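Peer 1: This is the structure I have questions about; it appears just below.
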Amino acid sequence: MFSIPRRFALPVAWAATLLGLSKAATVTYDFNIAWTTSNPDGAFDRPTIGINGQWPIPPIVGNVGDNIVVHATNQLGNQSTSLHFHGLFMNGTTHMDGPSQVSQCSIPPGSSFTYNFTLNQPGTYWYHSHTNGQYPDGLRGPLIIHDPESPFLDTYYQQENEIVLTVSDWYHDQMADLLPGFINKGNPTGAEPVPQAALFNDTQDVKISVQPGTTYLFRMVNIGAFAGQYIWFEGHNMTIVEVDGVYHQPAVAEMIYLSAAQRCSFLVTTRNETTANFPFVASMDTSLFDTLPDDLNYNVTGWLVYDASQPLPDPAFVDELDPFDDITLLPYDNQTLFGEPDRIVELDVIMDNLGDGANYAFFNNITYKSPKVPTLYTVLSAGEMATNPTVYGSFTHSFVLERGEIVQIIVNNLDTGRHPFHLHGHHFQALYRSEEDAGTFEDVGVSEADYPATPMRRDTFVLYPTGNIVLRFRADNPGVWLFHCHIEWHVSSGLIATFVEAPLDIQRTISIPQDQLDACAAQSIPTAGNAAGNTVNLLDLTGEPRSPDPLPDGFTTRGKVALAFSCLCGILGVVVVAWYGLAPDAAASSWAEQRVAETRNTDSGVLSSEAAGGAEEKVVTVTAVSGGGNGKA
């Protein structure tokens, strides 16, 4: 099984053999998921989730039309897991999408689970755990779908000159240790843990050997948990041709920005001379971090190596971080703007505290809580009631869509941070993105006439601080699809909504394989009924998993008592300080006491005989009269 070398990124020429197949192939992977040890930044050995004893984990590679079979066995011992194939539509196979308690039960330790799906889309994707915030521990890697019909292959670049390059943040602590401290009353502001390093291809100091006068296709994936990344190649431009699996008209960029989960494929044409090597850089978006540790190196550097005998220069400082604006891209297929929406879903992003004192993420007033029954299994067992969003629970924030509807999502950011929003099962058209601090969609006054005629498309799009975005898609893929922020901390704290798309069509086309049911049985997870596991009355949600209760409005009785005692203590403190300050000080020198007496006499209109006789007055500076201070004349 292929693995990415620690110090060299190699062109994925080994994948070119797949292109020679005249018919679709079945590509099978046997993945034993288990702990290993890694130290990618050279600073700290830590347990890491690997596959088949390897980390970084192997890429999944296929051609458009291929059938992919992944036999996943959980050998972690202490954690459940699952695999999500990020960006794949999973047409007709929504039960293979991977999020735990959404389209499946998680895979418990010792169990196996088979994912089986067809690759219907070309482009650059990735796969990762979608269970309990787990993937930053290492269970994430690239997924590449080659397209013999690509409009750029053989005209702009050759297959053998294709390079996969991942970028990510990296934590020294495991997520199982970090998450309890993050969602905790001891962290009331919801400050996300700051990563310790940035990585290229899950290492540092990557060197890519290049030939002069050659055009390479870089497939770049941000597989990180938190940090967006600014990326640039010194001495070279990038020509963007694909984002998130969608071909776009070539667009030249000097710098790009990739949020967590975004992908970008771009062409880089090398220079004709070989007298120097050139650095390329990823710089973490530190505006996302609440603190900047003194020892944090938020950059990672690699090199285009023209001549291995030449030095590897340090990257130059940049004057500003000014990346290409992805909303200006034009889709290669010229797909026009979908018609006016049949359904508008407006979501406000809110970060707030609940009754347990911890900070949570909300869409409107709902922070996501996984149901007892996976949402897809509720669809399959609810009959005609599957069209009623109530059966999916109060805390899954579910919207039921009819097949063929045009759906518009408006997201208003009432938070001061950036959020990359990802939609499962679809690409969306990105119609509008406000500037920072523009307020809500209602504030900006944008109308249908303001949207582009041929909007760019992708599956993950960045929302700016206290701004808004407008997205639009056609509900043409029956399934259960999440819409969520792809900062993993915010997934864990509840920034998720659920689209249940054409549920009656799902019932006619999907049956759950036995190994998936076995995974549920091994954990005593019910596979029928509503979000509470109720199979008798689907509208009765008694016993459903719930988020903590809200903070009460105003003060509770306990709070009022606490406030009263606080005020009383404050008043008593002021009185004590005043009394202490005015009390005579036995330790004060006699001259100070005399000076105080003179001041009092003066205030009462009586002068001492010396002062009354016009004698020269001594100037006395008193630095302390009470409290044992010293004075000097």
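How things are named: the first chain in the structure tokens is A, the next is B, and so on; residues count from 1 in each chain; ligands count from 1 in the order shown.
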Assign secondary structure with DSSP using the backbone only, and return the residues of segment 507-553 of chain A in alpha helix (DSSP H) as a ChimeraX atom specification.

Peer 2: /A:507-509,514-521

Peer 1: Atoms to include: all heavy atoms. Write the selected residues as a PDB file, in the first residue's frame.

Peer 2:
```pdb
ATOM      1  N   GLN A 507     -36.725   5.491   1.183  1.00  0.00           N
ATOM      2  CA  GLN A 507     -37.329   4.231   1.628  1.00  0.00           C
ATOM      3  C   GLN A 507     -37.450   3.234   0.485  1.00  0.00           C
ATOM      4  O   GLN A 507     -37.341   2.021   0.703  1.00  0.00           O
ATOM      5  CB  GLN A 507     -38.708   4.502   2.234  1.00  0.00           C
ATOM      6  CG  GLN A 507     -38.674   5.294   3.529  1.00  0.00           C
ATOM      7  CD  GLN A 507     -40.072   5.620   4.041  1.00  0.00           C
ATOM      8  OE1 GLN A 507     -41.075   5.251   3.429  1.00  0.00           O
ATOM      9  NE2 GLN A 507     -40.136   6.329   5.166  1.00  0.00           N
ATOM     10  N   ARG A 508     -37.646   3.720  -0.720  1.00  0.00           N
ATOM     11  CA  ARG A 508     -37.830   2.825  -1.867  1.00  0.00           C
ATOM     12  C   ARG A 508     -36.512   2.305  -2.427  1.00  0.00           C
ATOM     13  O   ARG A 508     -36.515   1.336  -3.187  1.00  0.00           O
ATOM     14  CB  ARG A 508     -38.606   3.552  -2.970  1.00  0.00           C
ATOM     15  CG  ARG A 508     -40.074   3.785  -2.646  1.00  0.00           C
ATOM     16  CD  ARG A 508     -40.841   4.286  -3.868  1.00  0.00           C
ATOM     17  NE  ARG A 508     -40.516   5.689  -4.161  1.00  0.00           N
ATOM     18  CZ  ARG A 508     -41.225   6.718  -3.706  1.00  0.00           C
ATOM     19  NH1 ARG A 508     -42.267   6.511  -2.905  1.00  0.00           N
ATOM     20  NH2 ARG A 508     -40.888   7.957  -4.018  1.00  0.00           N
ATOM     21  N   THR A 509     -35.404   2.943  -2.063  1.00  0.00           N
ATOM     22  CA  THR A 509     -34.147   2.611  -2.746  1.00  0.00           C
ATOM     23  C   THR A 509     -33.034   2.102  -1.838  1.00  0.00           C
ATOM     24  O   THR A 509     -32.045   1.560  -2.331  1.00  0.00           O
ATOM     25  CB  THR A 509     -33.621   3.852  -3.489  1.00  0.00           C
ATOM     26  OG1 THR A 509     -33.450   4.938  -2.571  1.00  0.00           O
ATOM     27  CG2 THR A 509     -34.592   4.279  -4.596  1.00  0.00           C
ATOM     28  N   GLN A 514     -26.208  -5.938   6.604  1.00  0.00           N
ATOM     29  CA  GLN A 514     -26.195  -6.573   7.910  1.00  0.00           C
ATOM     30  C   GLN A 514     -25.032  -6.107   8.766  1.00  0.00           C
ATOM     31  O   GLN A 514     -25.165  -5.953   9.988  1.00  0.00           O
ATOM     32  CB  GLN A 514     -26.151  -8.101   7.752  1.00  0.00           C
ATOM     33  CG  GLN A 514     -26.314  -8.852   9.065  1.00  0.00           C
ATOM     34  CD  GLN A 514     -27.648  -8.547   9.754  1.00  0.00           C
ATOM     35  OE1 GLN A 514     -28.693  -8.544   9.102  1.00  0.00           O
ATOM     36  NE2 GLN A 514     -27.611  -8.289  11.063  1.00  0.00           N
ATOM     37  N   ASP A 515     -23.863  -5.853   8.168  1.00  0.00           N
ATOM     38  CA  ASP A 515     -22.717  -5.449   9.000  1.00  0.00           C
ATOM     39  C   ASP A 515     -22.952  -4.088   9.651  1.00  0.00           C
ATOM     40  O   ASP A 515     -22.442  -3.816  10.745  1.00  0.00           O
ATOM     41  CB  ASP A 515     -21.404  -5.464   8.202  1.00  0.00           C
ATOM     42  CG  ASP A 515     -21.375  -4.450   7.072  1.00  0.00           C
ATOM     43  OD1 ASP A 515     -22.449  -3.998   6.618  1.00  0.00           O
ATOM     44  OD2 ASP A 515     -20.260  -4.113   6.620  1.00  0.00           O
ATOM     45  N   GLN A 516     -23.754  -3.232   9.004  1.00  0.00           N
ATOM     46  CA  GLN A 516     -24.087  -1.955   9.626  1.00  0.00           C
ATOM     47  C   GLN A 516     -25.030  -2.169  10.811  1.00  0.00           C
ATOM     48  O   GLN A 516     -24.868  -1.528  11.863  1.00  0.00           O
ATOM     49  CB  GLN A 516     -24.720  -1.011   8.601  1.00  0.00           C
ATOM     50  CG  GLN A 516     -23.775  -0.617   7.471  1.00  0.00           C
ATOM     51  CD  GLN A 516     -24.253   0.589   6.694  1.00  0.00           C
ATOM     52  OE1 GLN A 516     -25.163   1.291   7.105  1.00  0.00           O
ATOM     53  NE2 GLN A 516     -23.629   0.844   5.551  1.00  0.00           N
ATOM     54  N   LEU A 517     -25.990  -3.051  10.642  1.00  0.00           N
ATOM     55  CA  LEU A 517     -26.895  -3.353  11.754  1.00  0.00           C
ATOM     56  C   LEU A 517     -26.139  -4.017  12.899  1.00  0.00           C
ATOM     57  O   LEU A 517     -26.419  -3.759  14.075  1.00  0.00           O
ATOM     58  CB  LEU A 517     -28.032  -4.254  11.265  1.00  0.00           C
ATOM     59  CG  LEU A 517     -28.942  -3.646  10.185  1.00  0.00           C
ATOM     60  CD1 LEU A 517     -29.949  -4.679   9.698  1.00  0.00           C
ATOM     61  CD2 LEU A 517     -29.657  -2.402  10.700  1.00  0.00           C
ATOM     62  N   ASP A 518     -25.170  -4.843  12.571  1.00  0.00           N
ATOM     63  CA  ASP A 518     -24.375  -5.511  13.606  1.00  0.00           C
ATOM     64  C   ASP A 518     -23.577  -4.497  14.423  1.00  0.00           C
ATOM     65  O   ASP A 518     -23.406  -4.656  15.639  1.00  0.00           O
ATOM     66  CB  ASP A 518     -23.418  -6.531  12.978  1.00  0.00           C
ATOM     67  CG  ASP A 518     -24.152  -7.726  12.377  1.00  0.00           C
ATOM     68  OD1 ASP A 518     -25.332  -7.938  12.712  1.00  0.00           O
ATOM     69  OD2 ASP A 518     -23.531  -8.439  11.552  1.00  0.00           O
ATOM     70  N   ALA A 519     -23.062  -3.450  13.749  1.00  0.00           N
ATOM     71  CA  ALA A 519     -22.311  -2.411  14.471  1.00  0.00           C
ATOM     72  C   ALA A 519     -23.206  -1.716  15.486  1.00  0.00           C
ATOM     73  O   ALA A 519     -22.767  -1.376  16.597  1.00  0.00           O
ATOM     74  CB  ALA A 519     -21.733  -1.399  13.480  1.00  0.00           C
ATOM     75  N   CYS A 520     -24.468  -1.513  15.124  1.00  0.00           N
ATOM     76  CA  CYS A 520     -25.408  -0.900  16.070  1.00  0.00           C
ATOM     77  C   CYS A 520     -25.704  -1.854  17.226  1.00  0.00           C
ATOM     78  O   CYS A 520     -25.702  -1.446  18.398  1.00  0.00           O
ATOM     79  CB  CYS A 520     -26.702  -0.533  15.361  1.00  0.00           C
ATOM     80  SG  CYS A 520     -26.521   0.652  14.005  1.00  0.00           S
ATOM     81  N   ALA A 521     -25.952  -3.115  16.895  1.00  0.00           N
ATOM     82  CA  ALA A 521     -26.301  -4.094  17.924  1.00  0.00           C
ATOM     83  C   ALA A 521     -25.177  -4.247  18.938  1.00  0.00           C
ATOM     84  O   ALA A 521     -25.427  -4.412  20.145  1.00  0.00           O
ATOM     85  CB  ALA A 521     -26.626  -5.435  17.277  1.00  0.00           C
TER      86      ALA A 521
END
```

Peer 1: May I have a table of the residues of segment 379-488 of chain A lying at most 7 Å from segment 250-264 of chain A, giving each one's closest pair of atoms and their distance in Å to one decimal, counting only C-alpha atoms, ordered by chain and ascending residue number, as CSV?

Peer 2:
```
residue,atom,partner,partner_atom,distance
A:Pro420,CA,A:Ser259,CA,6.3
A:Thr460,CA,A:Gln262,CA,5.9
A:His486,CA,A:Ala260,CA,6.3
A:Ile487,CA,A:Ala260,CA,6.5
```

Peer 1: I'd like the contact shell of Ser394 of chain A - 12 Å cut-off, only C-alpha atoms, skipping same-chain residues fewer than 6 positions apart - returned as an NGL selection string.

Peer 2: :A and (365-372 or 497-498 or 530-532 or 539-547)

Peer 1: Show which residues sit within 7 Å of Ser129 of chain A, as number ranges by chain. Count only C-alpha atoms, and ignore same-chain residues fewer than 2 positions away.

Peer 2: A: 81-84, 131, 134-135, 139-140

Peer 1: Here is a test: counting only C-alpha atoms, which residue of A:His95, A:His71, A:Arg219, A:His128 is nearest to Gly50 of chain A?

Peer 2: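 Nearest candidate to Gly50 of chain A out of A:His95, A:His71, A:Arg219, A:His128: A:His128.
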
Peer 1: What are the closest atom pairs, with distances in Å to one decimal, for all residues of segment 114-173 of chain A lying within 12 Å of segment 278-282 of chain A? Consider only C-alpha atoms, order rows by chain and residue number, and present the result as a tab-separated table.

Peer 2:
```
residue	atom	partner	partner_atom	distance
A:Leu165	CA	A:Ala282	CA	11.3
A:Thr166	CA	A:Ala282	CA	10.4
A:Val167	CA	A:Ala282	CA	7.5
A:Ser168	CA	A:Ala282	CA	9.0
A:Asp169	CA	A:Ala282	CA	10.2
```

Peer 1: Just give me the gap between atom CA of Met456 of chain A and atom CA of Tyr216 of chain A in Å, one decimal is fine.

Peer 2: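 Here the two named atoms are 23.6 Å from each other.
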
Peer 1: List every residue of segment 494-529 of chain A that DSSP, applied to the backbone of this structure, assigns to strand (DSSP E or B), and report them as JSON, numbers by chain.

Peer 2: {"A": [496, 497, 498, 499, 500, 501]}

Peer 1: Go ahead and dump the residues you just picked, all heavy atoms, as an mmCIF file, in the first residue's frame.

Peer 2:
```
data_model
loop_
_atom_site.group_PDB
_atom_site.id
_atom_site.type_symbol
_atom_site.label_atom_id
_atom_site.label_comp_id
_atom_site.auth_asym_id
_atom_site.auth_seq_id
_atom_site.Cartn_x
_atom_site.Cartn_y
_atom_site.Cartn_z
ATOM 1 N N ILE A 496 -24.368 22.342 13.538
ATOM 2 C CA ILE A 496 -24.792 21.355 12.543
ATOM 3 C C ILE A 496 -26.292 21.489 12.303
ATOM 4 O O ILE A 496 -27.066 21.666 13.238
ATOM 5 C CB ILE A 496 -24.497 19.914 13.024
ATOM 6 C CG1 ILE A 496 -23.008 19.722 13.339
ATOM 7 C CG2 ILE A 496 -24.955 18.882 11.997
ATOM 8 C CD1 ILE A 496 -22.690 18.368 13.965
ATOM 9 N N ALA A 497 -26.694 21.365 11.042
ATOM 10 C CA ALA A 497 -28.098 21.180 10.669
ATOM 11 C C ALA A 497 -28.188 19.941 9.787
ATOM 12 O O ALA A 497 -27.172 19.455 9.258
ATOM 13 C CB ALA A 497 -28.639 22.409 9.942
ATOM 14 N N THR A 498 -29.389 19.421 9.605
ATOM 15 C CA THR A 498 -29.600 18.181 8.847
ATOM 16 C C THR A 498 -30.634 18.413 7.757
ATOM 17 O O THR A 498 -31.721 18.940 8.023
ATOM 18 C CB THR A 498 -30.102 17.055 9.777
ATOM 19 O OG1 THR A 498 -29.240 16.939 10.911
ATOM 20 C CG2 THR A 498 -30.154 15.729 9.044
ATOM 21 N N PHE A 499 -30.293 18.003 6.534
ATOM 22 C CA PHE A 499 -31.258 18.007 5.436
ATOM 23 C C PHE A 499 -31.674 16.565 5.151
ATOM 24 O O PHE A 499 -30.826 15.726 4.816
ATOM 25 C CB PHE A 499 -30.676 18.648 4.180
ATOM 26 C CG PHE A 499 -30.495 20.134 4.292
ATOM 27 C CD1 PHE A 499 -29.226 20.691 4.396
ATOM 28 C CD2 PHE A 499 -31.591 20.986 4.294
ATOM 29 C CE1 PHE A 499 -29.049 22.062 4.513
ATOM 30 C CE2 PHE A 499 -31.428 22.361 4.408
ATOM 31 C CZ PHE A 499 -30.157 22.901 4.517
ATOM 32 N N VAL A 500 -32.956 16.300 5.315
ATOM 33 C CA VAL A 500 -33.517 14.990 4.975
ATOM 34 C C VAL A 500 -34.200 15.158 3.621
ATOM 35 O O VAL A 500 -35.276 15.765 3.514
ATOM 36 C CB VAL A 500 -34.512 14.514 6.052
ATOM 37 C CG1 VAL A 500 -35.080 13.140 5.681
ATOM 38 C CG2 VAL A 500 -33.828 14.454 7.417
ATOM 39 N N GLU A 501 -33.572 14.629 2.595
ATOM 40 C CA GLU A 501 -33.948 14.940 1.220
ATOM 41 C C GLU A 501 -34.728 13.781 0.602
ATOM 42 O O GLU A 501 -34.221 12.668 0.524
ATOM 43 C CB GLU A 501 -32.669 15.219 0.421
ATOM 44 C CG GLU A 501 -32.886 15.732 -0.971
ATOM 45 C CD GLU A 501 -31.567 16.158 -1.611
ATOM 46 O OE1 GLU A 501 -30.656 16.610 -0.888
ATOM 47 O OE2 GLU A 501 -31.456 16.014 -2.846
#
```

Peer 1: Excluding Tyr29 of chain A and its own-chain neighbours fewer than 6 positions away, which residues fall within 8 Å of it when counting only C-alpha atoms? Please give them as a compact mmCIF listing (two decimals) with N, CA and C atoms, in the first residue's frame.

Peer 2:
```
# COMPACT_ATOMS: atom_id res chain seq x y z
N ILE A 68 -15.64 1.63 -5.50
CA ILE A 68 -14.68 1.59 -4.38
C ILE A 68 -15.29 0.73 -3.26
N VAL A 69 -14.50 -0.21 -2.77
CA VAL A 69 -14.90 -1.04 -1.64
C VAL A 69 -13.85 -0.88 -0.56
N VAL A 70 -14.27 -0.41 0.60
CA VAL A 70 -13.35 -0.24 1.74
C VAL A 70 -13.83 -1.14 2.88
N HIS A 71 -13.03 -2.15 3.21
CA HIS A 71 -13.29 -2.99 4.36
C HIS A 71 -12.55 -2.38 5.55
```

Peer 1: Of the candidates A:Trp55, A:Phe395, A:Phe363, A:Tyr125, which one gets nearest to Phe89 of chain A if we count only C-alpha atoms?

Peer 2: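 Closest to Phe89 of chain A, using only C-alpha atoms: A:Tyr125.
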
Peer 1: Please measure the separation of atom CA of Glu402 of chain A and atom CA of Pro503 of chain A, giving the value in Å to one decimal.

Peer 2: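 Between atom CA of Glu402 of chain A and atom CA of Pro503 of chain A the gap is 8.2 Å.
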
Peer 1: A:Asn116, A:Asn537, A:Ser106, A:Gln174: which is nearest Pro47 of chain A, counting only C-alpha atoms?

Peer 2: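 For Pro47 of chain A, the nearest of the given residues is A:Gln174.
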
Peer 1: Neighbouring residues of Leu337 of chain A were defined as those with any atom within 9 Å, considering only C-alpha atoms; residues of the same chain fewer than 5 positions away were excluded. Please report them as a list of chain:residue names.

Peer 2: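 Contacts, in chain order: A:Gln429, A:Leu431, A:Tyr451, A:Pro452, A:Ala453, A:Thr454, A:Pro455, A:Arg472.
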
Peer 1: Taking N, CA and C atoms for each residue, export the selection above as a PDB file, in the first residue's frame.

Peer 2:
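As written to disk, selection.pdb reads:
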```
ATOM      1  N   GLN A 429     -24.145  26.356  -5.389  1.00  0.00           N
ATOM      2  CA  GLN A 429     -23.742  27.592  -6.041  1.00  0.00           C
ATOM      3  C   GLN A 429     -23.535  28.648  -4.960  1.00  0.00           C
ATOM      4  N   LEU A 431     -23.640  32.220  -4.203  1.00  0.00           N
ATOM      5  CA  LEU A 431     -24.233  33.393  -4.851  1.00  0.00           C
ATOM      6  C   LEU A 431     -23.707  34.705  -4.304  1.00  0.00           C
ATOM      7  N   TYR A 451     -27.123  38.580  -8.058  1.00  0.00           N
ATOM      8  CA  TYR A 451     -26.376  37.330  -8.079  1.00  0.00           C
ATOM      9  C   TYR A 451     -25.729  37.102  -9.441  1.00  0.00           C
ATOM     10  N   PRO A 452     -24.586  36.419  -9.482  1.00  0.00           N
ATOM     11  CA  PRO A 452     -23.925  36.172 -10.767  1.00  0.00           C
ATOM     12  C   PRO A 452     -24.735  35.230 -11.642  1.00  0.00           C
ATOM     13  N   ALA A 453     -24.624  35.410 -12.949  1.00  0.00           N
ATOM     14  CA  ALA A 453     -25.369  34.563 -13.888  1.00  0.00           C
ATOM     15  C   ALA A 453     -24.828  33.136 -13.901  1.00  0.00           C
ATOM     16  N   THR A 454     -23.525  32.981 -13.696  1.00  0.00           N
ATOM     17  CA  THR A 454     -22.900  31.652 -13.651  1.00  0.00           C
ATOM     18  C   THR A 454     -22.060  31.557 -12.374  1.00  0.00           C
ATOM     19  N   PRO A 455     -22.689  31.306 -11.231  1.00  0.00           N
ATOM     20  CA  PRO A 455     -21.966  31.322  -9.957  1.00  0.00           C
ATOM     21  C   PRO A 455     -20.985  30.157  -9.832  1.00  0.00           C
ATOM     22  N   ARG A 472     -27.021  28.129  -2.882  1.00  0.00           N
ATOM     23  CA  ARG A 472     -28.216  27.581  -3.518  1.00  0.00           C
ATOM     24  C   ARG A 472     -27.883  26.228  -4.141  1.00  0.00           C
TER      25      ARG A 472
END
```
